[in-house]
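Enquirer: Sharing model_11.txt, compact mmCIF, C-alpha atoms:
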```txt
# COMPACT_ATOMS: atom_id res chain seq x y z
CA MET A 1316 28.84 46.50 5.30
CA GLY A 1317 30.44 48.85 7.77
CA ASP A 1318 32.15 47.98 11.03
CA ASP A 1319 29.84 46.09 13.42
CA SER A 1320 31.01 47.99 16.49
CA LYS A 1321 30.14 51.28 14.82
CA THR A 1322 26.65 50.03 14.00
CA GLU A 1323 26.06 48.77 17.53
CA SER A 1324 27.23 51.99 19.16
CA ASN A 1325 24.97 54.06 16.91
CA SER A 1326 21.94 51.82 17.48
CA ALA A 1327 22.31 52.22 21.25
CA VAL A 1328 21.80 55.99 21.13
CA ILE A 1329 19.31 56.51 18.29
CA GLY A 1330 16.94 59.26 19.39
CA SER A 1331 15.92 60.55 15.97
CA TYR A 1332 15.26 58.93 12.60
CA VAL A 1333 14.46 60.28 9.12
CA ALA A 1334 13.23 58.01 6.31
CA LEU A 1335 13.93 58.98 2.68
CA GLY A 1336 12.55 57.33 -0.43
CA ASP A 1337 9.56 56.56 -2.63
CA SER A 1338 6.37 54.49 -2.28
CA PHE A 1339 8.20 51.64 -0.58
CA THR A 1340 9.30 53.87 2.31
CA GLU A 1341 6.08 55.90 2.33
CA GLY A 1342 4.34 52.60 3.04
CA VAL A 1343 2.10 52.09 0.02
CA GLY A 1344 0.29 48.76 0.36
CA ASP A 1345 0.01 49.10 4.16
CA PRO A 1346 -2.94 51.45 4.85
CA GLY A 1347 -3.58 52.62 8.39
CA PRO A 1348 -6.99 53.16 10.01
CA ASP A 1349 -6.85 56.90 9.24
CA GLY A 1350 -6.19 56.30 5.54
CA VAL A 1351 -2.51 57.26 5.79
CA PHE A 1352 -0.06 54.56 4.77
CA VAL A 1353 1.97 52.98 7.57
CA GLY A 1354 4.76 50.90 6.04
CA TRP A 1355 8.03 49.38 7.14
CA ALA A 1356 9.72 52.67 8.09
CA ASP A 1357 6.92 53.64 10.50
CA ARG A 1358 7.01 50.14 11.98
CA PHE A 1359 10.80 50.29 12.27
CA ALA A 1360 10.49 53.66 14.01
CA VAL A 1361 8.27 52.07 16.65
CA LEU A 1362 10.94 49.44 17.32
CA LEU A 1363 13.53 52.19 17.71
CA ALA A 1364 11.27 54.28 19.96
CA ASP A 1365 10.77 51.33 22.30
CA ARG A 1366 14.48 51.53 23.22
CA VAL A 1367 14.45 55.09 24.61
CA PRO A 1368 12.39 56.85 27.30
CA GLU A 1369 8.80 57.62 26.33
CA GLY A 1370 8.53 60.83 24.31
CA ALA A 1371 12.29 61.05 23.70
CA PHE A 1372 12.30 59.56 20.21
CA ARG A 1373 11.57 61.73 17.14
CA TYR A 1374 10.75 60.55 13.64
CA ALA A 1375 10.20 62.08 10.18
CA ASN A 1376 9.22 60.32 6.97
CA LEU A 1377 9.87 62.39 3.83
CA ALA A 1378 9.21 59.60 1.31
CA ILE A 1379 6.72 60.17 -1.50
CA ARG A 1380 5.39 57.57 -3.92
CA GLY A 1381 6.66 57.74 -7.49
CA ARG A 1382 9.75 59.77 -6.69
CA LEU A 1383 12.83 59.21 -8.86
CA LEU A 1384 16.36 59.24 -7.46
CA ASP A 1385 17.15 62.80 -8.57
CA GLN A 1386 13.91 64.07 -7.03
CA ILE A 1387 14.75 62.39 -3.73
CA ALA A 1388 18.26 63.87 -3.87
CA GLU A 1389 16.90 67.36 -4.60
CA GLU A 1390 13.86 67.39 -2.30
CA GLN A 1391 14.52 65.02 0.57
CA VAL A 1392 18.28 64.82 1.11
CA PRO A 1393 18.67 68.57 1.86
CA ARG A 1394 15.84 68.38 4.39
CA ALA A 1395 17.46 65.37 6.06
CA LYS A 1396 20.71 67.31 6.32
CA GLU A 1397 18.82 70.16 8.02
CA LEU A 1398 17.19 67.80 10.49
CA ALA A 1399 20.53 66.05 11.19
CA PRO A 1400 19.07 62.93 12.82
CA ASP A 1401 20.92 60.07 14.46
CA LEU A 1402 19.72 57.68 11.73
CA VAL A 1403 18.63 58.03 8.10
CA THR A 1404 17.32 55.24 5.89
CA PHE A 1405 17.98 56.02 2.24
CA CYS A 1406 16.14 53.94 -0.34
CA ALA A 1407 16.11 55.34 -3.86
CA GLY A 1408 16.58 54.36 -7.47
CA GLY A 1409 13.92 51.68 -7.78
CA ASN A 1410 11.61 53.80 -9.92
CA ASP A 1411 14.56 54.73 -12.12
CA ILE A 1412 15.56 51.09 -12.62
CA ILE A 1413 12.12 49.98 -13.80
CA ARG A 1414 11.99 52.69 -16.46
CA PRO A 1415 12.71 51.45 -19.99
CA GLY A 1416 16.25 52.18 -21.12
CA SER A 1417 17.57 53.07 -17.68
CA ASP A 1418 21.20 52.21 -16.90
CA PRO A 1419 21.81 50.75 -13.40
CA ASP A 1420 25.46 51.87 -13.54
CA ASP A 1421 24.39 55.48 -14.10
CA VAL A 1422 21.70 55.32 -11.41
CA ALA A 1423 24.25 53.95 -8.95
CA GLU A 1424 26.68 56.79 -9.68
CA ARG A 1425 23.97 59.35 -8.97
CA PHE A 1426 22.97 57.49 -5.82
CA GLU A 1427 26.56 57.62 -4.56
CA THR A 1428 26.77 61.35 -5.25
CA ALA A 1429 23.64 61.94 -3.16
CA LEU A 1430 24.90 59.68 -0.38
CA ALA A 1431 28.29 61.39 -0.28
CA GLY A 1432 26.54 64.70 0.32
CA LEU A 1433 24.37 63.26 3.08
CA VAL A 1434 26.76 61.16 5.17
CA PRO A 1435 28.79 64.00 6.77
CA HIS A 1436 25.66 65.73 8.10
CA VAL A 1437 23.83 62.91 9.90
CA GLY A 1438 24.61 60.04 12.24
CA THR A 1439 24.25 56.67 10.52
CA VAL A 1440 22.85 56.14 7.01
CA MET A 1441 21.30 52.75 6.33
CA ILE A 1442 20.90 52.07 2.62
CA THR A 1443 18.59 49.56 1.00
CA THR A 1444 19.09 47.05 -1.79
CA GLY A 1445 16.49 45.94 -4.31
CA PHE A 1446 14.26 42.89 -3.96
CA ASP A 1447 14.86 39.65 -5.79
CA THR A 1448 11.95 39.89 -8.24
CA ARG A 1449 12.20 36.43 -9.77
CA GLY A 1450 8.58 35.63 -8.85
CA VAL A 1451 7.06 39.10 -9.25
CA PRO A 1452 5.00 39.66 -12.42
CA VAL A 1453 6.05 42.72 -14.48
CA LEU A 1454 9.28 43.11 -12.49
CA ARG A 1455 10.80 39.66 -12.91
CA HIS A 1456 12.13 40.46 -16.39
CA LEU A 1457 14.07 43.33 -14.77
CA ARG A 1458 15.81 41.01 -12.33
CA GLY A 1459 19.21 41.42 -14.02
CA LYS A 1460 19.09 45.22 -13.83
CA ILE A 1461 17.95 45.11 -10.22
CA ALA A 1462 20.73 42.65 -9.35
CA THR A 1463 23.32 44.93 -10.96
CA TYR A 1464 22.03 47.95 -9.04
CA THR A 1465 22.00 45.93 -5.81
CA ALA A 1466 25.65 44.94 -6.33
CA HIS A 1467 26.52 48.62 -6.76
CA ILE A 1468 24.59 49.54 -3.61
CA ARG A 1469 26.51 47.02 -1.55
CA ALA A 1470 29.83 48.30 -2.91
CA ILE A 1471 28.83 51.89 -2.15
CA ALA A 1472 27.85 50.85 1.37
CA ASP A 1473 31.31 49.39 1.89
CA ARG A 1474 32.97 52.61 0.73
CA TYR A 1475 30.93 54.79 3.12
CA GLU A 1476 30.70 52.25 5.98
CA CYS A 1477 26.90 52.23 5.84
CA PRO A 1478 24.78 49.38 7.22
CA VAL A 1479 22.75 47.66 4.51
CA LEU A 1480 19.11 46.63 4.63
CA ASP A 1481 19.55 43.72 2.25
CA LEU A 1482 16.13 42.95 0.79
CA TRP A 1483 17.54 40.67 -1.90
CA SER A 1484 18.39 38.07 0.76
CA LEU A 1485 15.05 38.38 2.59
CA LYS A 1486 13.51 35.20 1.20
CA SER A 1487 10.18 35.57 3.00
CA VAL A 1488 9.14 38.50 0.81
CA GLN A 1489 9.30 36.27 -2.25
CA ASP A 1490 5.98 34.77 -1.13
CA ARG A 1491 3.01 36.32 -2.93
CA ARG A 1492 1.38 37.07 0.43
CA ALA A 1493 4.15 39.58 1.12
CA TRP A 1494 2.84 41.70 -1.75
CA ASP A 1495 -0.17 43.95 -2.18
CA GLN A 1496 -2.85 43.20 -4.76
CA ASP A 1497 -1.09 45.55 -7.20
CA ARG A 1498 1.97 43.23 -7.11
CA LEU A 1499 4.23 46.28 -7.06
CA HIS A 1500 4.13 47.15 -3.36
CA LEU A 1501 4.39 45.14 -0.17
CA SER A 1502 1.41 44.02 1.88
CA PRO A 1503 1.17 44.93 5.60
CA GLU A 1504 2.85 41.62 6.47
CA GLY A 1505 5.58 42.27 3.91
CA HIS A 1506 6.23 45.72 5.37
CA THR A 1507 6.35 44.20 8.85
CA ARG A 1508 9.01 41.70 7.82
CA VAL A 1509 11.16 44.46 6.31
CA ALA A 1510 10.87 46.50 9.52
CA LEU A 1511 12.03 43.52 11.54
CA ARG A 1512 14.98 42.97 9.20
CA ALA A 1513 15.94 46.67 9.48
CA ALA A 1514 16.07 46.32 13.26
CA GLN A 1515 18.19 43.20 12.93
CA VAL A 1516 20.68 45.09 10.75
CA LEU A 1517 21.31 47.45 13.67
CA GLY A 1518 21.69 44.53 16.07
CA LEU A 1519 18.41 45.21 17.86
CA PRO A 1520 16.33 42.43 19.42
CA VAL A 1521 13.16 41.75 17.44
CA PRO A 1522 9.87 40.16 18.51
CA ALA A 1523 9.77 37.79 15.51
CA ASP A 1524 12.02 36.40 12.80
CA PRO A 1525 11.39 38.28 9.54
CA ASP A 1526 12.35 35.20 7.55
CA GLN A 1527 10.11 32.77 9.42
CA PRO A 1528 8.16 30.50 7.05
CA TRP A 1529 4.66 31.44 5.99
CA PRO A 1530 1.84 29.11 7.06
CA PRO A 1531 0.77 26.51 4.50
CA GLU A 1532 -1.52 27.81 1.78
CA ALA A 1533 -4.12 25.88 -0.15
CA ALA A 1534 -3.14 25.21 -3.75
CA ARG A 1535 -4.94 27.28 -6.38
CA GLY A 1536 -6.07 25.84 -9.67
CA PRO A 1537 -5.11 27.25 -13.09
CA ALA A 1538 -8.52 28.89 -13.51
CA ALA A 1539 -8.21 30.83 -10.26
CA VAL A 1540 -4.68 31.95 -11.13
CA ARG A 1541 -5.81 33.05 -14.59
CA MET A 1542 -8.73 35.05 -13.17
CA ASP A 1543 -6.44 36.72 -10.63
CA ASN A 1544 -4.07 37.72 -13.45
CA ILE A 1545 -6.91 39.15 -15.54
CA ASN A 1546 -8.29 41.18 -12.63
CA TRP A 1547 -4.82 42.42 -11.69
CA ALA A 1548 -4.07 43.56 -15.25
CA ARG A 1549 -7.35 45.44 -15.49
CA GLU A 1550 -7.23 47.10 -12.07
CA HIS A 1551 -3.51 47.77 -11.66
CA LEU A 1552 -1.32 47.10 -14.69
CA VAL A 1553 -3.30 49.11 -17.25
CA PRO A 1554 -3.54 52.24 -15.04
CA TRP A 1555 0.17 51.94 -14.19
CA ILE A 1556 1.13 51.78 -17.88
CA GLY A 1557 -1.22 54.67 -18.62
CA ARG A 1558 0.50 56.91 -16.08
CA ARG A 1559 3.88 56.07 -17.58
CA LEU A 1560 2.69 56.94 -21.09
CA ARG A 1561 1.23 60.24 -19.91
CA GLY A 1562 4.34 61.14 -17.93
CA GLU A 1563 2.36 61.20 -14.69
CA SER A 1564 3.37 60.01 -11.24
CA SER A 1565 1.24 58.57 -8.47
CA GLY A 1566 3.03 61.04 -6.20
CA ASP A 1567 1.98 64.17 -8.07
CA HIS A 1568 0.51 66.62 -5.52
CA VAL A 1569 1.41 64.31 -2.59
CA GLU A 1570 3.20 65.79 0.42
CA PRO A 1571 5.41 63.95 2.95
CA LYS A 1572 3.34 62.42 5.72
CA ARG A 1573 5.82 63.40 8.48
CA PRO A 1574 7.91 66.35 7.21
CA ASP A 1575 9.29 67.25 10.65
CA LEU A 1576 11.03 65.37 13.44
CA LEU A 1577 8.14 64.79 15.83
CA PRO A 1578 7.78 62.56 18.89
CA LEU A 1579 6.41 59.16 18.01
```
As structure tokens, please, write out the structure in this file.
Expert:
Amino acid sequence: MGDDSKTESNSAVIGSYVALGDSFTEGVGDPGPDGVFVGWADRFAVLLADRVPEGAFRYANLAIRGRLLDQIAEEQVPRAKELAPDLVTFCAGGNDIIRPGSDPDDVAERFETALAGLVPHVGTVMITTGFDTRGVPVLRHLRGKIATYTAHIRAIADRYECPVLDLWSLKSVQDRRAWDQDRLHLSPEGHTRVALRAAQVLGLPVPADPDQPWPPEAARGPAAVRMDNINWAREHLVPWIGRRLRGESSGDHVEPKRPDLLPL
């Protein structure tokens, strides 16, 4: 991670923020009352906005579900450079890693190329690691690849003095209640905990501990677990596999929800 004094000085003057990424940063799994996803980045933006005079903070979210790293580098990074905000969060590569045959070393090299082109044009770039997926169905067998990519991300962060939103160490999101019913995206509570951790990374005071324990949960019997797995496979896994086989993306024809730096 970069120098703490640099992070603190940047966090004190953040008046603009641009979020880059895929479904995670768009906020899938955290629907708002108007039907638009909220997500951790929007919630993090609120925490940042609370530290400056009302109306002075501006925020853009360019993330689109399903986007691969190269698409984010080609579509979103140039726009972020144009906007030149005080802070950028850059989360990319997750959709590449879960693709069969992908190489985390290669994905990391391409991530670093994109980051190198972004850093000179903006204030601070916070980059994001992968989650520890040991308890996540479908993704747990990819834990080794995700761990390798996460190690690369941390090394890249050191080279460019970028603060790191380390999701691998956020133990609270390993609880099933942190995940949406599709088991691929975070729930509203999961997104909230990530937003709180992002604020902590910048040294900001937060209203709650993102790693605080979850309340006790009643044990579920094998029959209930089995039925949940059957319903999940039918409603989420089969459609997800179908899109992969057809070469489709959930983000086809989706536009960024906040393409410009607007007051929050």
Enquirer: Can you list every residue of range 1401-1491 of chain A that has an atom at most 10 Å from range 1512-1530 of chain A, with its nearest atom pair and the distance in Å to one decimal, using only C-alpha atoms, ordered by chain then number, as JSON lines?
Expert:
```
{"residue": "A:Thr1404", "atom": "CA", "partner": "A:Ala1513", "partner_atom": "CA", "distance": 9.4}
{"residue": "A:Met1441", "atom": "CA", "partner": "A:Ala1513", "partner_atom": "CA", "distance": 8.7}
{"residue": "A:Thr1443", "atom": "CA", "partner": "A:Ala1513", "partner_atom": "CA", "distance": 9.3}
{"residue": "A:Pro1478", "atom": "CA", "partner": "A:Val1516", "partner_atom": "CA", "distance": 6.9}
{"residue": "A:Val1479", "atom": "CA", "partner": "A:Val1516", "partner_atom": "CA", "distance": 7.1}
{"residue": "A:Leu1480", "atom": "CA", "partner": "A:Ala1513", "partner_atom": "CA", "distance": 5.8}
{"residue": "A:Asp1481", "atom": "CA", "partner": "A:Arg1512", "partner_atom": "CA", "distance": 8.4}
{"residue": "A:Leu1482", "atom": "CA", "partner": "A:Arg1512", "partner_atom": "CA", "distance": 8.5}
{"residue": "A:Ser1484", "atom": "CA", "partner": "A:Asp1526", "partner_atom": "CA", "distance": 9.5}
{"residue": "A:Leu1485", "atom": "CA", "partner": "A:Asp1526", "partner_atom": "CA", "distance": 6.5}
{"residue": "A:Lys1486", "atom": "CA", "partner": "A:Asp1526", "partner_atom": "CA", "distance": 6.5}
{"residue": "A:Ser1487", "atom": "CA", "partner": "A:Asp1526", "partner_atom": "CA", "distance": 5.1}
{"residue": "A:Val1488", "atom": "CA", "partner": "A:Asp1526", "partner_atom": "CA", "distance": 8.2}
{"residue": "A:Asp1490", "atom": "CA", "partner": "A:Trp1529", "partner_atom": "CA", "distance": 8.0}
```
Enquirer: Separation of CA of Tyr1464 in chain A and CA of Ser1417 in chain A, in Å?
Expert: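 These two atoms are separated by 11.0 Å.
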Enquirer: Sorted by chain and rising residue number, which residues of range 1354-1421 of chain A lie within 6 Å of range 1431-1440 of chain A, and what are their closest atom pairs and distances in Å to one decimal, counting all atoms listed in the file, as a tab-separated table?
Expert:
```
residue	atom	partner	partner_atom	distance
A:Lys1396	CA	A:His1436	CA	5.5
A:Ala1399	CA	A:Val1437	CA	4.7
A:Pro1400	CA	A:Val1437	CA	5.6
A:Asp1401	CA	A:Gly1438	CA	4.3
A:Leu1402	CA	A:Thr1439	CA	4.8
A:Val1403	CA	A:Val1440	CA	4.8
A:Thr1404	CA	A:Val1440	CA	5.7
```
Enquirer: Using all atoms listed in the file, pick whichever of A:Leu1430, A:Leu1499, A:Ala1472, A:Leu1377 has the shortest atom-to-atom distance to Ile1413 in chain A.
Expert: A:Leu1499
Enquirer: Do you have the CA of Ala1334 in chain A-CA of Ile1468 in chain A distance handy?
Expert: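 Atom-to-atom, CA of Ala1334 in chain A and CA of Ile1468 in chain A are spaced 17.3 Å apart.
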Enquirer: Rounded to one decimal in Å, what is the spacing between CA of Cys1406 in chain A and CA of Gly1347 in chain A?
Expert: 21.6 Å
Enquirer: Pick the closest to Asp1497 in chain A from A:Arg1394, A:Val1451, A:Pro1571, A:Val1351: which is it, counting only C-alpha atoms?
Expert: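 Closest candidate: A:Val1451.
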Enquirer: Which is closest to Ala1360 in chain A among A:Ile1442, A:Glu1389, A:Tyr1332, A:Leu1383, if we use only C-alpha atoms?
Expert: A:Tyr1332
Enquirer: Which one of A:Gly1408, A:Gly1450, A:Gly1505, A:Pro1415 sits closest to Gly1342 in chain A if you count all atoms listed in the file?
Expert: A:Gly1505
Enquirer: Go through A:Leu1577, A:Ala1364, A:Val1569, A:Val1328 one by one, measure the shortest atom-to-atom distance of each to Arg1382 in chain A using only C-alpha atoms, and give the residue with the smallest value.
Expert: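 That would be A:Val1569, the residue with the smallest distance to Arg1382 in chain A.
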Enquirer: First collect every listed atom of range 1409-1426 of chain A; then fit an axis-aligned box around them, widen it by 4 Å on each side, and give centre and edge lengths in Å to one decimal, as AutoDock Vina command-line options.
Expert:
```
--center_x 19.1 --center_y 54.7 --center_z -13.5 --size_x 23.1 --size_y 17.4 --size_z 23.3
```
Enquirer: Which residue out of A:Ala1371, A:Val1353, A:Ala1395, A:Leu1457 has the minimum interatomic distance to Asp1411 in chain A when all atoms listed in the file are used?
Expert: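 When distances to Asp1411 in chain A are compared using all atoms listed in the file, the smallest one comes from A:Leu1457.
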